[in-house]
$ cat model.txt   # compact mmCIF, N, CA and C atoms
# COMPACT_ATOMS: atom_id res chain seq x y z
N MET A 25 -182.33 -111.22 47.59
CA MET A 25 -182.42 -109.81 47.94
C MET A 25 -181.32 -109.03 47.21
N ILE A 26 -181.67 -107.95 46.61
CA ILE A 26 -180.71 -107.14 45.86
C ILE A 26 -179.89 -106.32 46.85
N ALA A 27 -178.58 -106.35 46.70
CA ALA A 27 -177.68 -105.62 47.59
C ALA A 27 -177.87 -104.11 47.41
N ASP A 28 -177.65 -103.37 48.51
CA ASP A 28 -177.81 -101.91 48.47
C ASP A 28 -176.92 -101.27 47.40
N LEU A 29 -175.69 -101.75 47.25
CA LEU A 29 -174.80 -101.15 46.25
C LEU A 29 -175.42 -101.25 44.86
N GLU A 30 -176.06 -102.38 44.57
CA GLU A 30 -176.72 -102.54 43.27
C GLU A 30 -177.89 -101.57 43.14
N LYS A 31 -178.64 -101.39 44.23
CA LYS A 31 -179.79 -100.47 44.22
C LYS A 31 -179.36 -99.02 44.03
N LEU A 32 -178.12 -98.69 44.41
CA LEU A 32 -177.65 -97.31 44.33
C LEU A 32 -177.10 -96.93 42.96
N GLN A 33 -176.97 -97.90 42.06
CA GLN A 33 -176.40 -97.61 40.75
C GLN A 33 -177.24 -96.57 40.01
N GLY A 34 -176.56 -95.63 39.35
CA GLY A 34 -177.25 -94.63 38.56
C GLY A 34 -177.06 -93.22 39.09
N THR A 35 -177.93 -92.33 38.63
CA THR A 35 -177.83 -90.91 38.95
C THR A 35 -178.88 -90.53 39.99
N TRP A 36 -178.44 -89.78 41.00
CA TRP A 36 -179.29 -89.32 42.09
C TRP A 36 -179.20 -87.80 42.16
N ASN A 37 -180.34 -87.14 42.15
CA ASN A 37 -180.40 -85.68 42.29
C ASN A 37 -180.58 -85.31 43.76
N ILE A 38 -179.77 -84.37 44.22
CA ILE A 38 -179.90 -83.90 45.60
C ILE A 38 -181.07 -82.92 45.64
N VAL A 39 -182.11 -83.26 46.43
CA VAL A 39 -183.30 -82.42 46.48
C VAL A 39 -183.38 -81.59 47.76
N GLU A 40 -182.71 -82.05 48.80
CA GLU A 40 -182.63 -81.26 50.04
C GLU A 40 -181.21 -81.37 50.57
N PHE A 41 -180.69 -80.25 51.09
CA PHE A 41 -179.33 -80.23 51.59
C PHE A 41 -179.27 -79.34 52.83
N GLU A 42 -178.74 -79.88 53.90
CA GLU A 42 -178.62 -79.12 55.15
C GLU A 42 -177.19 -79.29 55.65
N LEU A 43 -176.53 -78.19 55.98
CA LEU A 43 -175.15 -78.23 56.45
C LEU A 43 -175.08 -77.56 57.81
N GLU A 44 -174.65 -78.32 58.82
CA GLU A 44 -174.50 -77.81 60.18
C GLU A 44 -175.75 -77.05 60.64
N GLY A 45 -176.93 -77.64 60.38
CA GLY A 45 -178.18 -77.07 60.86
C GLY A 45 -178.80 -76.01 59.97
N ARG A 46 -178.14 -75.66 58.86
CA ARG A 46 -178.68 -74.63 57.96
C ARG A 46 -179.09 -75.25 56.63
N LYS A 47 -180.30 -74.97 56.20
CA LYS A 47 -180.75 -75.44 54.88
C LYS A 47 -180.00 -74.66 53.81
N MET A 48 -179.53 -75.40 52.80
CA MET A 48 -178.74 -74.80 51.73
C MET A 48 -179.43 -75.11 50.40
N PRO A 49 -179.16 -74.31 49.36
CA PRO A 49 -179.74 -74.63 48.05
C PRO A 49 -179.11 -75.91 47.50
N ALA A 50 -179.95 -76.77 46.96
CA ALA A 50 -179.47 -78.05 46.45
C ALA A 50 -179.50 -78.10 44.93
N GLY A 51 -180.00 -77.06 44.30
CA GLY A 51 -180.24 -77.06 42.87
C GLY A 51 -179.07 -77.51 42.03
N GLY A 52 -179.31 -78.52 41.18
CA GLY A 52 -178.32 -78.96 40.21
C GLY A 52 -177.27 -79.92 40.73
N SER A 53 -177.23 -80.18 42.02
CA SER A 53 -176.24 -81.10 42.57
C SER A 53 -176.70 -82.53 42.40
N LYS A 54 -175.73 -83.42 42.14
CA LYS A 54 -176.10 -84.82 41.94
C LYS A 54 -174.94 -85.74 42.31
N ILE A 55 -175.28 -87.00 42.50
CA ILE A 55 -174.31 -88.06 42.75
C ILE A 55 -174.59 -89.16 41.74
N VAL A 56 -173.53 -89.64 41.08
CA VAL A 56 -173.64 -90.75 40.14
C VAL A 56 -172.84 -91.91 40.71
N VAL A 57 -173.50 -93.07 40.87
CA VAL A 57 -172.84 -94.28 41.37
C VAL A 57 -172.71 -95.26 40.21
N ASN A 58 -171.47 -95.73 40.00
CA ASN A 58 -171.19 -96.68 38.92
C ASN A 58 -170.26 -97.75 39.49
N GLY A 59 -170.81 -98.91 39.80
CA GLY A 59 -170.03 -99.94 40.48
C GLY A 59 -169.73 -99.47 41.90
N THR A 60 -168.45 -99.47 42.29
CA THR A 60 -168.08 -98.94 43.60
C THR A 60 -167.54 -97.51 43.48
N SER A 61 -167.64 -96.94 42.29
CA SER A 61 -167.15 -95.57 42.07
C SER A 61 -168.31 -94.58 42.17
N PHE A 62 -167.97 -93.37 42.59
CA PHE A 62 -168.98 -92.31 42.62
C PHE A 62 -168.38 -91.03 42.04
N THR A 63 -169.26 -90.21 41.50
CA THR A 63 -168.93 -88.86 41.08
C THR A 63 -169.99 -87.95 41.67
N THR A 64 -169.55 -86.90 42.33
CA THR A 64 -170.48 -85.92 42.90
C THR A 64 -170.20 -84.58 42.24
N ILE A 65 -171.26 -83.94 41.78
CA ILE A 65 -171.14 -82.60 41.24
C ILE A 65 -171.98 -81.71 42.15
N ALA A 66 -171.29 -80.83 42.89
CA ALA A 66 -171.99 -79.99 43.87
C ALA A 66 -171.21 -78.70 44.07
N MET A 67 -171.94 -77.63 44.22
CA MET A 67 -171.37 -76.31 44.50
C MET A 67 -170.23 -75.97 43.55
N GLY A 68 -170.41 -76.32 42.26
CA GLY A 68 -169.46 -75.94 41.24
C GLY A 68 -168.20 -76.79 41.17
N ALA A 69 -168.12 -77.83 41.98
CA ALA A 69 -166.93 -78.69 41.98
C ALA A 69 -167.34 -80.13 41.68
N GLN A 70 -166.38 -80.89 41.17
CA GLN A 70 -166.62 -82.31 40.91
C GLN A 70 -165.70 -83.12 41.81
N TYR A 71 -166.29 -84.11 42.48
CA TYR A 71 -165.56 -84.99 43.38
C TYR A 71 -165.70 -86.41 42.85
N GLU A 72 -164.63 -87.20 42.93
CA GLU A 72 -164.70 -88.58 42.48
C GLU A 72 -163.99 -89.47 43.48
N GLY A 73 -164.43 -90.74 43.53
CA GLY A 73 -163.79 -91.69 44.42
C GLY A 73 -164.53 -93.00 44.45
N THR A 74 -164.33 -93.73 45.55
CA THR A 74 -164.99 -95.02 45.71
C THR A 74 -165.82 -95.00 46.99
N VAL A 75 -166.85 -95.83 46.99
CA VAL A 75 -167.75 -95.92 48.13
C VAL A 75 -167.72 -97.34 48.68
N THR A 76 -167.72 -97.46 50.01
CA THR A 76 -167.79 -98.74 50.69
C THR A 76 -169.00 -98.69 51.62
N LEU A 77 -169.87 -99.71 51.55
CA LEU A 77 -171.07 -99.77 52.37
C LEU A 77 -170.92 -100.82 53.47
N ASP A 78 -171.55 -100.57 54.62
CA ASP A 78 -171.69 -101.58 55.67
C ASP A 78 -173.18 -101.67 55.98
N THR A 79 -173.83 -102.68 55.37
CA THR A 79 -175.27 -102.81 55.53
C THR A 79 -175.65 -103.52 56.83
N ALA A 80 -174.66 -104.09 57.53
CA ALA A 80 -174.95 -104.77 58.80
C ALA A 80 -175.01 -103.79 59.96
N ALA A 81 -174.45 -102.61 59.79
CA ALA A 81 -174.45 -101.60 60.85
C ALA A 81 -175.85 -101.01 61.01
N THR A 82 -176.13 -100.47 62.19
CA THR A 82 -177.40 -99.78 62.44
C THR A 82 -177.10 -98.40 63.01
N PRO A 83 -177.43 -97.30 62.31
CA PRO A 83 -177.92 -97.32 60.92
C PRO A 83 -176.81 -97.78 59.97
N LYS A 84 -177.22 -98.09 58.73
CA LYS A 84 -176.24 -98.51 57.72
C LYS A 84 -175.22 -97.41 57.50
N THR A 85 -173.96 -97.80 57.23
CA THR A 85 -172.90 -96.81 57.07
C THR A 85 -172.26 -96.89 55.70
N PHE A 86 -171.58 -95.78 55.33
CA PHE A 86 -170.79 -95.76 54.10
C PHE A 86 -169.56 -94.91 54.33
N ASP A 87 -168.50 -95.24 53.59
CA ASP A 87 -167.26 -94.47 53.60
C ASP A 87 -167.01 -94.00 52.17
N LEU A 88 -166.70 -92.71 52.00
CA LEU A 88 -166.34 -92.17 50.70
C LEU A 88 -164.84 -91.92 50.70
N HIS A 89 -164.14 -92.54 49.77
CA HIS A 89 -162.69 -92.37 49.61
C HIS A 89 -162.49 -91.54 48.35
N PHE A 90 -162.07 -90.29 48.52
CA PHE A 90 -161.93 -89.36 47.39
C PHE A 90 -160.59 -89.57 46.68
N ASN A 91 -160.63 -89.73 45.34
CA ASN A 91 -159.38 -89.84 44.60
C ASN A 91 -159.22 -88.76 43.53
N GLN A 92 -160.23 -87.90 43.37
CA GLN A 92 -160.15 -86.76 42.45
C GLN A 92 -160.94 -85.60 43.04
N GLY A 93 -160.54 -84.39 42.68
CA GLY A 93 -161.29 -83.21 43.10
C GLY A 93 -160.72 -82.58 44.36
N PRO A 94 -161.44 -81.59 44.90
CA PRO A 94 -160.94 -80.81 46.04
C PRO A 94 -160.64 -81.63 47.29
N GLU A 95 -161.28 -82.79 47.45
CA GLU A 95 -161.08 -83.62 48.64
C GLU A 95 -160.14 -84.81 48.37
N LYS A 96 -159.39 -84.78 47.26
CA LYS A 96 -158.52 -85.89 46.88
C LYS A 96 -157.65 -86.33 48.07
N GLY A 97 -157.65 -87.66 48.32
CA GLY A 97 -156.86 -88.23 49.40
C GLY A 97 -157.58 -88.28 50.74
N ASN A 98 -158.76 -87.69 50.81
CA ASN A 98 -159.52 -87.65 52.06
C ASN A 98 -160.60 -88.72 52.09
N VAL A 99 -161.14 -88.95 53.30
CA VAL A 99 -162.22 -89.90 53.51
C VAL A 99 -163.31 -89.20 54.30
N SER A 100 -164.56 -89.40 53.90
CA SER A 100 -165.70 -88.91 54.67
C SER A 100 -166.54 -90.11 55.10
N LEU A 101 -167.02 -90.08 56.34
CA LEU A 101 -167.79 -91.17 56.92
C LEU A 101 -169.24 -90.75 57.07
N GLY A 102 -170.17 -91.67 56.72
CA GLY A 102 -171.58 -91.30 56.80
C GLY A 102 -172.48 -92.47 57.15
N ILE A 103 -173.76 -92.14 57.28
CA ILE A 103 -174.82 -93.12 57.49
C ILE A 103 -175.85 -92.90 56.39
N TYR A 104 -176.64 -93.95 56.09
CA TYR A 104 -177.63 -93.79 55.02
C TYR A 104 -178.85 -94.66 55.26
N GLU A 105 -179.93 -94.26 54.58
CA GLU A 105 -181.16 -95.05 54.48
C GLU A 105 -181.53 -95.06 53.01
N LEU A 106 -182.01 -96.20 52.56
CA LEU A 106 -182.43 -96.34 51.17
C LEU A 106 -183.85 -96.87 51.16
N ASP A 107 -184.76 -96.09 50.55
CA ASP A 107 -186.17 -96.47 50.50
C ASP A 107 -186.66 -96.24 49.07
N GLY A 108 -186.60 -97.29 48.25
CA GLY A 108 -187.03 -97.17 46.86
C GLY A 108 -186.18 -96.16 46.11
N ASP A 109 -186.81 -95.11 45.61
CA ASP A 109 -186.11 -94.08 44.85
C ASP A 109 -185.70 -92.89 45.70
N THR A 110 -185.68 -93.07 47.02
CA THR A 110 -185.23 -92.03 47.94
C THR A 110 -184.02 -92.54 48.72
N TRP A 111 -182.95 -91.75 48.70
CA TRP A 111 -181.70 -92.09 49.39
C TRP A 111 -181.39 -90.94 50.33
N THR A 112 -181.33 -91.21 51.63
CA THR A 112 -181.03 -90.19 52.62
C THR A 112 -179.65 -90.48 53.19
N ILE A 113 -178.79 -89.46 53.19
CA ILE A 113 -177.46 -89.62 53.75
C ILE A 113 -177.16 -88.51 54.74
N CYS A 114 -176.40 -88.86 55.77
CA CYS A 114 -175.86 -87.86 56.69
C CYS A 114 -174.37 -88.17 56.75
N ILE A 115 -173.57 -87.19 56.41
CA ILE A 115 -172.13 -87.41 56.23
C ILE A 115 -171.32 -86.40 57.03
N GLY A 116 -170.22 -86.88 57.56
CA GLY A 116 -169.28 -85.99 58.22
C GLY A 116 -168.34 -85.38 57.19
N LEU A 117 -168.06 -84.10 57.32
CA LEU A 117 -167.09 -83.48 56.44
C LEU A 117 -165.73 -84.10 56.73
N THR A 118 -164.79 -83.94 55.82
CA THR A 118 -163.48 -84.56 55.96
C THR A 118 -162.91 -84.36 57.36
N GLY A 119 -162.47 -85.47 57.94
CA GLY A 119 -161.84 -85.41 59.25
C GLY A 119 -162.80 -85.36 60.42
N ARG A 120 -164.08 -85.30 60.15
CA ARG A 120 -165.07 -85.26 61.22
C ARG A 120 -165.61 -86.65 61.49
N SER A 121 -166.22 -86.82 62.64
CA SER A 121 -166.73 -88.14 63.03
C SER A 121 -167.93 -88.55 62.19
N ARG A 122 -168.20 -89.86 62.18
CA ARG A 122 -169.38 -90.38 61.50
C ARG A 122 -170.62 -89.93 62.28
N PRO A 123 -171.62 -89.36 61.61
CA PRO A 123 -172.86 -88.99 62.31
C PRO A 123 -173.51 -90.22 62.94
N GLN A 124 -174.23 -90.01 64.03
CA GLN A 124 -174.95 -91.09 64.69
C GLN A 124 -176.45 -91.03 64.41
N LYS A 125 -176.93 -89.89 63.87
CA LYS A 125 -178.35 -89.73 63.59
C LYS A 125 -178.51 -88.88 62.33
N PHE A 126 -179.72 -88.89 61.78
CA PHE A 126 -180.00 -88.15 60.55
C PHE A 126 -180.43 -86.72 60.92
N ALA A 127 -179.46 -85.94 61.40
CA ALA A 127 -179.70 -84.56 61.79
C ALA A 127 -178.37 -83.83 61.80
N THR A 128 -178.40 -82.52 61.62
CA THR A 128 -177.19 -81.72 61.72
C THR A 128 -177.44 -80.59 62.71
N GLU A 129 -176.34 -80.05 63.23
CA GLU A 129 -176.44 -78.89 64.11
C GLU A 129 -175.19 -78.06 63.94
N ALA A 130 -175.25 -76.81 64.33
CA ALA A 130 -174.12 -75.90 64.18
C ALA A 130 -172.88 -76.50 64.83
N GLY A 131 -171.76 -76.45 64.10
CA GLY A 131 -170.50 -76.93 64.63
C GLY A 131 -170.29 -78.43 64.54
N SER A 132 -171.29 -79.17 64.04
CA SER A 132 -171.20 -80.63 64.00
C SER A 132 -170.25 -81.13 62.91
N GLY A 133 -170.09 -80.34 61.85
CA GLY A 133 -169.31 -80.81 60.71
C GLY A 133 -170.06 -81.86 59.91
N HIS A 134 -171.39 -81.89 60.04
CA HIS A 134 -172.21 -82.89 59.36
C HIS A 134 -173.11 -82.24 58.32
N ALA A 135 -173.37 -82.99 57.25
CA ALA A 135 -174.30 -82.56 56.20
C ALA A 135 -175.36 -83.64 56.03
N LEU A 136 -176.60 -83.21 55.86
CA LEU A 136 -177.75 -84.11 55.66
C LEU A 136 -178.28 -83.85 54.26
N GLU A 137 -178.43 -84.94 53.49
CA GLU A 137 -178.89 -84.80 52.10
C GLU A 137 -179.99 -85.79 51.82
N SER A 138 -180.98 -85.33 51.07
CA SER A 138 -182.04 -86.20 50.57
C SER A 138 -181.91 -86.22 49.06
N LEU A 139 -181.86 -87.44 48.50
CA LEU A 139 -181.67 -87.60 47.07
C LEU A 139 -182.81 -88.41 46.47
N LYS A 140 -183.13 -88.09 45.22
CA LYS A 140 -184.15 -88.82 44.47
C LYS A 140 -183.51 -89.37 43.22
N ARG A 141 -183.85 -90.60 42.86
CA ARG A 141 -183.31 -91.22 41.66
C ARG A 141 -183.76 -90.41 40.43
N ALA A 142 -182.81 -90.13 39.55
CA ALA A 142 -183.13 -89.41 38.31
C ALA A 142 -183.88 -90.34 37.39
N SER A 143 -184.89 -89.83 36.71
CA SER A 143 -185.65 -90.65 35.77
C SER A 143 -184.90 -90.74 34.46
N GLY A 144 -185.15 -91.83 33.74
CA GLY A 144 -184.52 -92.00 32.46
C GLY A 144 -183.18 -92.57 32.62
$ encode --input "model.txt" --output "structure tokens"
Amino acid sequence: MIADLEKLQGTWNIVEFELEGRKMPAGGSKIVVNGTSFTTIAMGAQYEGTVTLDTAATPKTFDLHFNQGPEKGNVSLGIYELDGDTWTICIGLTGRSRPQKFATEAGSGHALESLKRASG
């Protein structure tokens, strides 16, 4: 069985983005996974760091450790589902708790994103 980290390698385009219960424009935002490193380009900023997965958790979890960009030195906690070329994540903003479900609401500090693998 191929590990999730291996399946996540490459470029992912953010196709849906919801922040604290509000749908936001996702145009042009993407996440690139290379080994355990990630680069996110979103809302005019670039974020870089490392990702750690826990595939034994239910739902599966991930931690983003930022080492470059506006969130440098911070950690965000999230949950994810991976289904072929679709990657769904729900992440807590810096300092917020790990989401327990794939949903956001006002004041939650959570963001829900749907990503599709980039072709080519």
$ residues_around --input "model.txt" --residues "stretch 53-56 of chain A" --least-positions-apart "3" --cutoff "8 Å" --atoms "only N, CA and C atoms" --output "number ranges by chain"
A: 32-39, 49-50, 59, 61-68, 139
$ residues_around --input "model.txt" --residues "A:Asp28" --least-positions-apart "3" --cutoff "8 Å" --atoms "all atoms listed in the file" --output "list in words"
Met25, Lys31, Leu32, Gln33, Leu77, Thr79 and Leu106 of chain A
$ write_last_selection --input "model.txt" --atoms "N, CA and C atoms" --output "PDB file, keeping the file's coordinate frame"
ATOM      1  N   MET A  25    -182.330-111.220  47.590  1.00  0.00           N
ATOM      2  CA  MET A  25    -182.420-109.810  47.940  1.00  0.00           C
ATOM      3  C   MET A  25    -181.320-109.030  47.210  1.00  0.00           C
ATOM      4  N   LYS A  31    -178.640-101.390  44.230  1.00  0.00           N
ATOM      5  CA  LYS A  31    -179.790-100.470  44.220  1.00  0.00           C
ATOM      6  C   LYS A  31    -179.360 -99.020  44.030  1.00  0.00           C
ATOM      7  N   LEU A  32    -178.120 -98.690  44.410  1.00  0.00           N
ATOM      8  CA  LEU A  32    -177.650 -97.310  44.330  1.00  0.00           C
ATOM      9  C   LEU A  32    -177.100 -96.930  42.960  1.00  0.00           C
ATOM     10  N   GLN A  33    -176.970 -97.900  42.060  1.00  0.00           N
ATOM     11  CA  GLN A  33    -176.400 -97.610  40.750  1.00  0.00           C
ATOM     12  C   GLN A  33    -177.240 -96.570  40.010  1.00  0.00           C
ATOM     13  N   LEU A  77    -169.870 -99.710  51.550  1.00  0.00           N
ATOM     14  CA  LEU A  77    -171.070 -99.770  52.370  1.00  0.00           C
ATOM     15  C   LEU A  77    -170.920-100.820  53.470  1.00  0.00           C
ATOM     16  N   THR A  79    -173.830-102.680  55.370  1.00  0.00           N
ATOM     17  CA  THR A  79    -175.270-102.810  55.530  1.00  0.00           C
ATOM     18  C   THR A  79    -175.650-103.520  56.830  1.00  0.00           C
ATOM     19  N   LEU A 106    -182.010 -96.200  52.560  1.00  0.00           N
ATOM     20  CA  LEU A 106    -182.430 -96.340  51.170  1.00  0.00           C
ATOM     21  C   LEU A 106    -183.850 -96.870  51.160  1.00  0.00           C
TER      22      LEU A 106
END
$ closest_atom_pairs --input "model.txt" --of "stretch 55-95 of chain A" --to "stretch 116-134 of chain A" --cutoff "8 Å" --atoms "all atoms listed in the file" --output "JSON lines"
{"residue": "A:Thr82", "atom": "C", "partner": "A:Gln124", "partner_atom": "C", "distance": 7.5}
{"residue": "A:Pro83", "atom": "N", "partner": "A:Gln124", "partner_atom": "C", "distance": 6.7}
{"residue": "A:Glu95", "atom": "CA", "partner": "A:Thr118", "partner_atom": "CA", "distance": 7.8}
$ closest_residue --input "model.txt" --among "A:Thr110, A:Asn91, A:Ser138, A:Ser143" --to "A:Phe41" --atoms "only C-alpha atoms"
A:Ser138
$ closest_residue --input "model.txt" --among "A:Gln70, A:Asp109, A:Gly93, A:Cys114" --to "A:Lys140" --atoms "all atoms listed in the file"
A:Asp109
$ atom_distance --input "model.txt" --atom1 "atom C of A:Glu44" --atom2 "atom CA of A:Leu136"
8.9 Å
